[in-house]
Structures are given as C-alpha cells and as structure tokens.
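Right, one structure below, let's go through it.
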Amino acid sequence: MFTASFRLLRRGDLQWRSTSRRLHLSKVLASNGDLSKYPLDGIKILDLTRIVAGPYCTMVLSDLGAEVYKIERPFQGDESRKWGPPFLKDSVDSVYFMASNRNKKSVCVDLKTGKDVIYDLARKCDVLVENYVPGKLDEFGLGYEDLKVVAPSLIYCSITGYGSVGPYRNKPGYDVIAASMGGLLHITGNEDGPPTKVGVAITDIATGLYAHGAILAALFQRSKTNRGQKIDVNLLSTQVACLINVASNYLNAGKEAKRWGTAHESIVPYEAFPTSDGHITIGCGSDAQFESLCNHLQIKEVAKDDRFVTNQTRVKHRKELIAILAPIIQKRSSAEWMNIFVDAPFPVGPINNMAEVFQDPHVQAIELVRSLDHPTAGEVKVVGPPVVYSEGSNLARTAPPLLGEHTDQVLRDLLNYSDDHIRTIRQKRIIQ
C-alpha cells in the first residue's frame, strides 16, 4: 500500500520536506527547556477541566508553552484516568487519559474545601478553564462573579454542554449527545443505514479548539484593556456551527439533510471505492480532475459523455457514473491503484487502519509521534501538535502527569506555601 508513497520519497519532494521539518524539530528539541521560544511563554492556565473538550483545549495551549496547572479531585482525579482498558504499563492511568493531558502539572485540590487555594492560584494565573455544569462552581464560591473579584484580569473560560442560558443550560453534556442533537449523527452513516457516531469525539475536540482560539483572542484583547472576561463555549453550539454547508443548505434553500456515507452531496465522484483488498477514497472537485481520473482508468470516453461532462450533470447521474467506476476500481489492489495514481492531479488516498496510519512514510517523515519519559511506564507515545511555527516552538514536552504529582511543587514554588502549611491542609484532606 505504501509503494507509491516511497516513490514520492525517491522523487525527493517528500524527502526535502522531511529534512526541513527534521531540522526545525531538532532546533525545537535542542531548546526544549527554553520556554522563551514558545508563543505562550509566561502564560499560566488554571485548568479545572476533565474528560476531553476542556483537557484538549488546555493541552493545545500547553503545547504552545503555557504553564498548565491541572486541578484534580484528591484520590480520584480526572474521570478519564479510569477509562480503560487499555491502561498504561505499570500505571493505574488509562491510555485514554494520555491523549489529552501532556505538558501539564497535576495539583490535587478539593474544590469544596479548597476555595482559598484556588483563589491563590487564580491570582497567579492568566486564564481559568472549567467544564462543570453551569452553577456548580458558584456553589463553591468559584464561579466567574467570585473569581473576577479575586483576580480582575483573569480570563474565565466555561466549557459546557449547552451554554449558560437557554432551557438546557443545567443539563450535563457529552460529545455523542451534542452530536445527536446538533445533527451530526443524522448526516453520518450509509445512505440506507442508521445514524452513525463518528469514530472519535469530534464535537469535544472542535469545542476544545474553539475554546483555545477564544482564549487567545481574549488574551490579545486583555493586552489592550488590562481587563479579564468570561468566555462561554458549549458543545451544542459548536456542533451546530460545524454543520457549515449542510446548515446553509437548510437555512437558505430549505433543503433537509441526509446521510451519504463517504459520498458528497454536491461533488461527484467524491467517495470511497472498494478495491480488491480494501478501499481507496477519490475526490474530483473539478471537471479537469474528473477527466484525469478517466484517463488513468483508461475510460477517456466517459469524460466526454454528456451525462458526466460537468459536475452538475455528474451529480444528476451519480448512480450511473458510480456503476461505471466501481467495478473498474475493484479489479486492483489499493497499492496498485496508488501506484497508478502516484502523479494524479486529483486527491486520492487509501483508507488506512491504525497500523497503516503510523507506518505511513509521510507520517513518519514529519515526525508527528513523540516518545515522552513517564515516571512509571518508562515512556508514552503521543501524537504531537500538527502545527509548525517558523519562529516559535509548539511541542509535546512532558508526559501526562501522575495524579497529584506536582501538588507540593506548585504550592511551594508558585504560591510560596510553607511546608508546615502544606502539611496542615493535607491533613485536612484539602489537597492530596
């Protein structure tokens, strides 16, 4: 399956890109301890989030150099630590937890009894991120109205299921529920099949990314106003916003959406095709690309057929066209087709399983996967940030923390708590 990709390597284009990124990464790695090269150097994040959306947001910020203090419930921690199997070797933590919590420091504080500790941390931090049900932190004196008095310049970001207003505001929110209510499951799956969940928590991830961008914008605004503010980000609004053209079709043309499987409603061909040993996905976004596909398949006459000469006519005659293309593509293996299409001007790629994803020579060449030292497992592997800066660092530096690993360090070094004070509040079970 990878023969075509290796041919690209031999042509030198990918090799050049690999060398360029490797040189950049070597500089980043050499300056791993020098946070001044990171865009968010000096920014401190008070992270009261759990599960996926919030931790993903703060992880993106941490990759950019922000110091993230992950506040966890003593003796329990982030619920996702228990989301297994699989679990990390020689650790009580799940592999799931590893995916969204690198570069952070774990500090165990009981929010019910540790309000003063959180207040002290808030005074030292630039941003607080939380994902509790609206009103829950107010019960502990940790809501926005409380914190803006304690730390007026603090940016307070709330990630919730449905936002702080509206009839659903007090409901708990999970990715699959927001994806259900927000229409994603309705448009995902085979045309004649049931609604299907996306393979990862994509609504959570998108919400975390929206929150990360909003926090950066608020930090920029604060640099001009010297004032903090509250940011509300929620799963349902994010999911509805992510409907993009599907939402526009309904709002502006009254067109109800349907499931298309891997196909595209407005572009043909644009879908996965079975091969003799798997599947490949082909997309032709222009008439010239479709003509090239026909040339590669040795059916030049099809590109000149009145039913298929434009995208509009191809959409109208979708079934007839797919009936012509599918049997041809199924005659060869995915690797054979990728060799045939190696110089094709249209987008094409195999549907890879996880082993094939991480064995892909391009994925390996750009060094997305990082190995990080872990205190009990020896090392963990993470998929690093996909964004590269020419003048700054953006890097997975440290493994996800053990529960409470940094409690004493942060309270002593950041808050200047004495050993006696730390011992006293630990005896009261305020911290772990």
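In the structure tokens, chains take letters A, B, ... by order of appearance, with residues numbered from 1 within each chain and ligands from 1 in the order shown.
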
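Using only C-alpha atoms, the residues found no farther than 9 Å from Ser286 (chain A), other than those of its own chain fewer than 6 positions away, are Ile267, Thr310, Asn311 and Phe346 of chain A.
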
(message) Using DSSP secondary structure from the backbone, list all strand (DSSP E or B) positions within region 256-322 of chain A, as a PyMOL selection string.
(response) chain A and resi 270-274+279-283

Residue subset to file, keeping N, CA and C atoms, as a PDB file, in the first residue's frame:
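Written output follows (result.pdb):
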```pdb
ATOM      1  N   TYR A 270     -16.781  11.612  -5.351  1.00  0.00           N
ATOM      2  CA  TYR A 270     -16.130  12.075  -4.131  1.00  0.00           C
ATOM      3  C   TYR A 270     -16.529  11.099  -3.034  1.00  0.00           C
ATOM      4  N   GLU A 271     -15.880   9.930  -3.003  1.00  0.00           N
ATOM      5  CA  GLU A 271     -16.271   8.887  -2.057  1.00  0.00           C
ATOM      6  C   GLU A 271     -15.241   7.760  -2.043  1.00  0.00           C
ATOM      7  N   ALA A 272     -15.486   6.815  -1.157  1.00  0.00           N
ATOM      8  CA  ALA A 272     -14.621   5.637  -1.056  1.00  0.00           C
ATOM      9  C   ALA A 272     -15.095   4.560  -2.031  1.00  0.00           C
ATOM     10  N   PHE A 273     -14.117   3.863  -2.644  1.00  0.00           N
ATOM     11  CA  PHE A 273     -14.409   2.786  -3.578  1.00  0.00           C
ATOM     12  C   PHE A 273     -13.719   1.511  -3.089  1.00  0.00           C
ATOM     13  N   PRO A 274     -14.417   0.375  -3.133  1.00  0.00           N
ATOM     14  CA  PRO A 274     -13.755  -0.890  -2.792  1.00  0.00           C
ATOM     15  C   PRO A 274     -12.681  -1.230  -3.825  1.00  0.00           C
ATOM     16  N   HIS A 279     -10.036  -0.361   0.495  1.00  0.00           N
ATOM     17  CA  HIS A 279     -10.771   0.771  -0.077  1.00  0.00           C
ATOM     18  C   HIS A 279      -9.798   1.908  -0.353  1.00  0.00           C
ATOM     19  N   ILE A 280     -10.119   2.712  -1.362  1.00  0.00           N
ATOM     20  CA  ILE A 280      -9.440   3.986  -1.568  1.00  0.00           C
ATOM     21  C   ILE A 280     -10.509   5.056  -1.716  1.00  0.00           C
ATOM     22  N   THR A 281     -10.140   6.266  -1.375  1.00  0.00           N
ATOM     23  CA  THR A 281     -11.066   7.393  -1.499  1.00  0.00           C
ATOM     24  C   THR A 281     -10.563   8.321  -2.594  1.00  0.00           C
ATOM     25  N   ILE A 282     -11.478   8.701  -3.472  1.00  0.00           N
ATOM     26  CA  ILE A 282     -11.152   9.555  -4.611  1.00  0.00           C
ATOM     27  C   ILE A 282     -12.066  10.768  -4.587  1.00  0.00           C
ATOM     28  N   GLY A 283     -11.494  11.932  -4.832  1.00  0.00           N
ATOM     29  CA  GLY A 283     -12.292  13.146  -4.928  1.00  0.00           C
ATOM     30  C   GLY A 283     -11.936  13.927  -6.173  1.00  0.00           C
TER      31      GLY A 283
END
```

(message) Would you pick out the contacts of Lys136 (chain A) at 12 Å or less, using only C-alpha atoms, so that residues sharing its chain but fewer than 6 positions from it are not included, and give the list as a list in words?
(response) Leu111, Lys112, Glu130, Leu142, Gly143, Tyr144, Ser158, Thr160, Ser164, Arg169, Asn170, Lys171 and Pro172 of chain A

Export, as a PDB file, in the first residue's frame, the selected residues with N, CA, C and O atoms.
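Ended up saving to selection_7.pdb:
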```
ATOM      1  N   LEU A 111     -12.288  21.042  45.609  1.00  0.00           N
ATOM      2  CA  LEU A 111     -12.927  22.323  45.311  1.00  0.00           C
ATOM      3  C   LEU A 111     -13.948  22.724  46.365  1.00  0.00           C
ATOM      4  O   LEU A 111     -14.230  23.919  46.541  1.00  0.00           O
ATOM      5  N   LYS A 112     -14.502  21.748  47.070  1.00  0.00           N
ATOM      6  CA  LYS A 112     -15.497  22.066  48.099  1.00  0.00           C
ATOM      7  C   LYS A 112     -14.868  22.725  49.313  1.00  0.00           C
ATOM      8  O   LYS A 112     -15.490  23.578  49.958  1.00  0.00           O
ATOM      9  N   GLU A 130     -12.800  25.833  32.877  1.00  0.00           N
ATOM     10  CA  GLU A 130     -13.582  24.843  33.626  1.00  0.00           C
ATOM     11  C   GLU A 130     -14.683  24.283  32.740  1.00  0.00           C
ATOM     12  O   GLU A 130     -15.122  24.933  31.794  1.00  0.00           O
ATOM     13  N   LEU A 142     -16.637  29.590  43.421  1.00  0.00           N
ATOM     14  CA  LEU A 142     -15.617  29.581  42.374  1.00  0.00           C
ATOM     15  C   LEU A 142     -16.171  29.951  41.006  1.00  0.00           C
ATOM     16  O   LEU A 142     -15.540  29.700  39.979  1.00  0.00           O
ATOM     17  N   GLY A 143     -17.371  30.549  40.979  1.00  0.00           N
ATOM     18  CA  GLY A 143     -17.938  30.993  39.715  1.00  0.00           C
ATOM     19  C   GLY A 143     -17.249  32.253  39.211  1.00  0.00           C
ATOM     20  O   GLY A 143     -16.393  32.843  39.886  1.00  0.00           O
ATOM     21  N   TYR A 144     -17.651  32.696  38.038  1.00  0.00           N
ATOM     22  CA  TYR A 144     -16.998  33.864  37.433  1.00  0.00           C
ATOM     23  C   TYR A 144     -17.163  35.109  38.281  1.00  0.00           C
ATOM     24  O   TYR A 144     -16.208  35.885  38.462  1.00  0.00           O
ATOM     25  N   SER A 158     -15.613  29.026  30.360  1.00  0.00           N
ATOM     26  CA  SER A 158     -16.511  27.929  30.738  1.00  0.00           C
ATOM     27  C   SER A 158     -16.859  27.104  29.514  1.00  0.00           C
ATOM     28  O   SER A 158     -17.373  27.629  28.519  1.00  0.00           O
ATOM     29  N   THR A 160     -19.214  24.084  28.433  1.00  0.00           N
ATOM     30  CA  THR A 160     -20.389  23.358  28.928  1.00  0.00           C
ATOM     31  C   THR A 160     -21.071  22.608  27.797  1.00  0.00           C
ATOM     32  O   THR A 160     -20.676  22.716  26.636  1.00  0.00           O
ATOM     33  N   SER A 164     -24.687  28.898  29.117  1.00  0.00           N
ATOM     34  CA  SER A 164     -25.173  29.387  30.411  1.00  0.00           C
ATOM     35  C   SER A 164     -26.576  29.959  30.358  1.00  0.00           C
ATOM     36  O   SER A 164     -27.108  30.409  31.374  1.00  0.00           O
ATOM     37  N   ARG A 169     -29.586  24.662  29.826  1.00  0.00           N
ATOM     38  CA  ARG A 169     -28.326  25.124  30.420  1.00  0.00           C
ATOM     39  C   ARG A 169     -27.852  24.269  31.591  1.00  0.00           C
ATOM     40  O   ARG A 169     -26.647  24.160  31.817  1.00  0.00           O
ATOM     41  N   ASN A 170     -28.744  23.654  32.336  1.00  0.00           N
ATOM     42  CA  ASN A 170     -28.343  22.873  33.509  1.00  0.00           C
ATOM     43  C   ASN A 170     -28.171  21.387  33.217  1.00  0.00           C
ATOM     44  O   ASN A 170     -27.909  20.602  34.129  1.00  0.00           O
ATOM     45  N   LYS A 171     -28.308  21.008  31.955  1.00  0.00           N
ATOM     46  CA  LYS A 171     -28.139  19.604  31.598  1.00  0.00           C
ATOM     47  C   LYS A 171     -26.652  19.272  31.426  1.00  0.00           C
ATOM     48  O   LYS A 171     -25.892  20.085  30.901  1.00  0.00           O
ATOM     49  N   PRO A 172     -26.245  18.075  31.836  1.00  0.00           N
ATOM     50  CA  PRO A 172     -24.867  17.654  31.539  1.00  0.00           C
ATOM     51  C   PRO A 172     -24.721  17.383  30.045  1.00  0.00           C
ATOM     52  O   PRO A 172     -25.671  16.974  29.376  1.00  0.00           O
TER      53      PRO A 172
END
```

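Proximity of A:Lys331, A:Arg123, A:His212, A:Lys82 to Ser276 (chain A), computed with only C-alpha atoms, is greatest for A:Lys331.
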
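Residue nearest Leu411 (chain A), chosen from A:Arg423, A:Lys89, A:Lys319, A:Lys148 and counting only C-alpha atoms: A:Arg423.
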
(request) Using only C-alpha atoms, pick whichever of A:Pro269, A:Gly349, A:Gly161, A:Gly261 has the shortest atom-to-atom distance to Glu191 (chain A). (result)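 Nearest candidate to Glu191 (chain A) out of A:Pro269, A:Gly349, A:Gly161, A:Gly261: A:Gly261.
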
(request) Name the residues in contact with Ala288 (chain A) at a cut-off of 12 Å, using only C-alpha atoms, excluding same-chain residues fewer than 6 positions from it; report them as number ranges by chain. (result) A: 294-295, 303-304, 308-311, 344-346

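For Ile71 (chain A), the residues within 6 Å (counting only C-alpha atoms, excluding itself and residues fewer than 4 positions away along the chain) are Asp47, Leu48, Val107 and Cys108 of chain A.
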
(request) Compile the contact shell of Asp419 (chain A) as an NGL selection string: residues with an atom at most 9 Å away, counting only C-alpha atoms, same-chain residues fewer than 5 positions apart removed. (result) :A and (408 or 412 or 424)

(request) Please identify which residues in region 198-406 of chain A DSSP calls helix (DSSP H, G or I) from the backbone, and express them as JSON, numbers by chain. (result) {"A": [202, 203, 204, 205, 206, 207, 208, 209, 210, 211, 212, 213, 214, 215, 216, 217, 218, 219, 220, 221, 222, 223, 224, 225, 235, 236, 237, 238, 239, 240, 241, 244, 245, 246, 247, 248, 249, 250, 251, 252, 253, 287, 288, 289, 290, 291, 292, 293, 294, 295, 296, 300, 301, 302, 303, 311, 312, 313, 314, 315, 316, 318, 319, 320, 321, 322, 323, 324, 325, 326, 327, 328, 329, 334, 335, 336, 337, 338, 339, 340, 354, 355, 356, 357, 358, 359, 361, 362, 363, 364, 365]}

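For the pair CA of Glu405 (chain A) and CA of Lys105 (chain A), the interatomic distance is 7.1 Å.
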
When you look at Tyr174 (chain A) with a cut-off of 9 Å (counting only C-alpha atoms), what residues show up, excluding the ones that are within fewer than 6 positions of it in the same chain? I need them as an mmCIF file with C-alpha atoms, in the first residue's frame.
```cif
data_model
loop_
_atom_site.group_PDB
_atom_site.id
_atom_site.type_symbol
_atom_site.label_atom_id
_atom_site.label_comp_id
_atom_site.auth_asym_id
_atom_site.auth_seq_id
_atom_site.Cartn_x
_atom_site.Cartn_y
_atom_site.Cartn_z
ATOM 1 C CA GLY A 161 -22.854 21.153 27.145
ATOM 2 C CA THR A 203 -17.548 17.526 18.824
ATOM 3 C CA ASP A 204 -15.461 17.593 22.006
ATOM 4 C CA LEU A 235 -20.764 21.536 22.716
#
```

(message) With distances taken over only C-alpha atoms, which residue among A:Val109, A:Met98, A:Ile351, A:Ile215 lies nearest Lys70 (chain A)?
(response)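 The shortest atom-to-atom distance to Lys70 (chain A) comes from A:Val109.
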
(message) Quick check, in Å to one decimal: how far apart do CA of Asp93 (chain A) and CA of Arg81 (chain A) lie?
(response)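 Atom-to-atom, CA of Asp93 (chain A) to CA of Arg81 (chain A), that is 4.8 Å.
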
Please, which residues in region 66-158 of chain A fall within 7 Å of region 216-232 of chain A when counting only C-alpha atoms, and what is the closest atom pair and distance in Å to one decimal for each, ordered by chain then residue number, as CSV?
```
residue,atom,partner,partner_atom,distance
A:Tyr144,CA,A:Lys230,CA,7.0
A:Pro152,CA,A:Gly228,CA,6.0
A:Ser153,CA,A:Gly228,CA,4.0
A:Leu154,CA,A:Gly228,CA,4.7
A:Ile155,CA,A:Gly228,CA,4.7
A:Tyr156,CA,A:Lys230,CA,4.7
A:Cys157,CA,A:Ile231,CA,4.5
A:Ser158,CA,A:Asp232,CA,5.0
```

Generate the output file for the selected residues, N, CA, C and O atoms, as a tab-separated table (two decimals), in the first residue's frame.
```tsv
chain	number	residue	atom	x	y	z
A	144	TYR	N	-17.65	32.70	38.04
A	144	TYR	CA	-17.00	33.86	37.43
A	144	TYR	C	-17.16	35.11	38.28
A	144	TYR	O	-16.21	35.89	38.46
A	152	PRO	N	-9.22	40.33	38.93
A	152	PRO	CA	-9.94	41.07	37.88
A	152	PRO	C	-9.41	40.87	36.47
A	152	PRO	O	-10.16	41.03	35.51
A	153	SER	N	-8.15	40.53	36.33
A	153	SER	CA	-7.58	40.37	34.98
A	153	SER	C	-7.69	38.93	34.47
A	153	SER	O	-7.22	38.63	33.37
A	154	LEU	N	-8.32	38.06	35.26
A	154	LEU	CA	-8.41	36.64	34.89
A	154	LEU	C	-9.39	36.44	33.73
A	154	LEU	O	-10.50	36.97	33.74
A	155	ILE	N	-8.97	35.67	32.75
A	155	ILE	CA	-9.88	35.22	31.68
A	155	ILE	C	-10.48	33.90	32.11
A	155	ILE	O	-9.76	32.95	32.39
A	156	TYR	N	-11.80	33.85	32.20
A	156	TYR	CA	-12.52	32.72	32.78
A	156	TYR	C	-13.31	32.05	31.66
A	156	TYR	O	-14.28	32.60	31.15
A	157	CYS	N	-12.86	30.87	31.25
A	157	CYS	CA	-13.49	30.17	30.12
A	157	CYS	C	-14.31	28.99	30.62
A	157	CYS	O	-13.76	28.07	31.24
A	158	SER	N	-15.61	29.03	30.36
A	158	SER	CA	-16.51	27.93	30.74
A	158	SER	C	-16.86	27.10	29.51
A	158	SER	O	-17.37	27.63	28.52
```

(request) Go ahead and compute the interatomic distance for CA of Thr113 (chain A) and CA of Tyr96 (chain A), in Å to one decimal. (result)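 So the answer is 29.0 Å.
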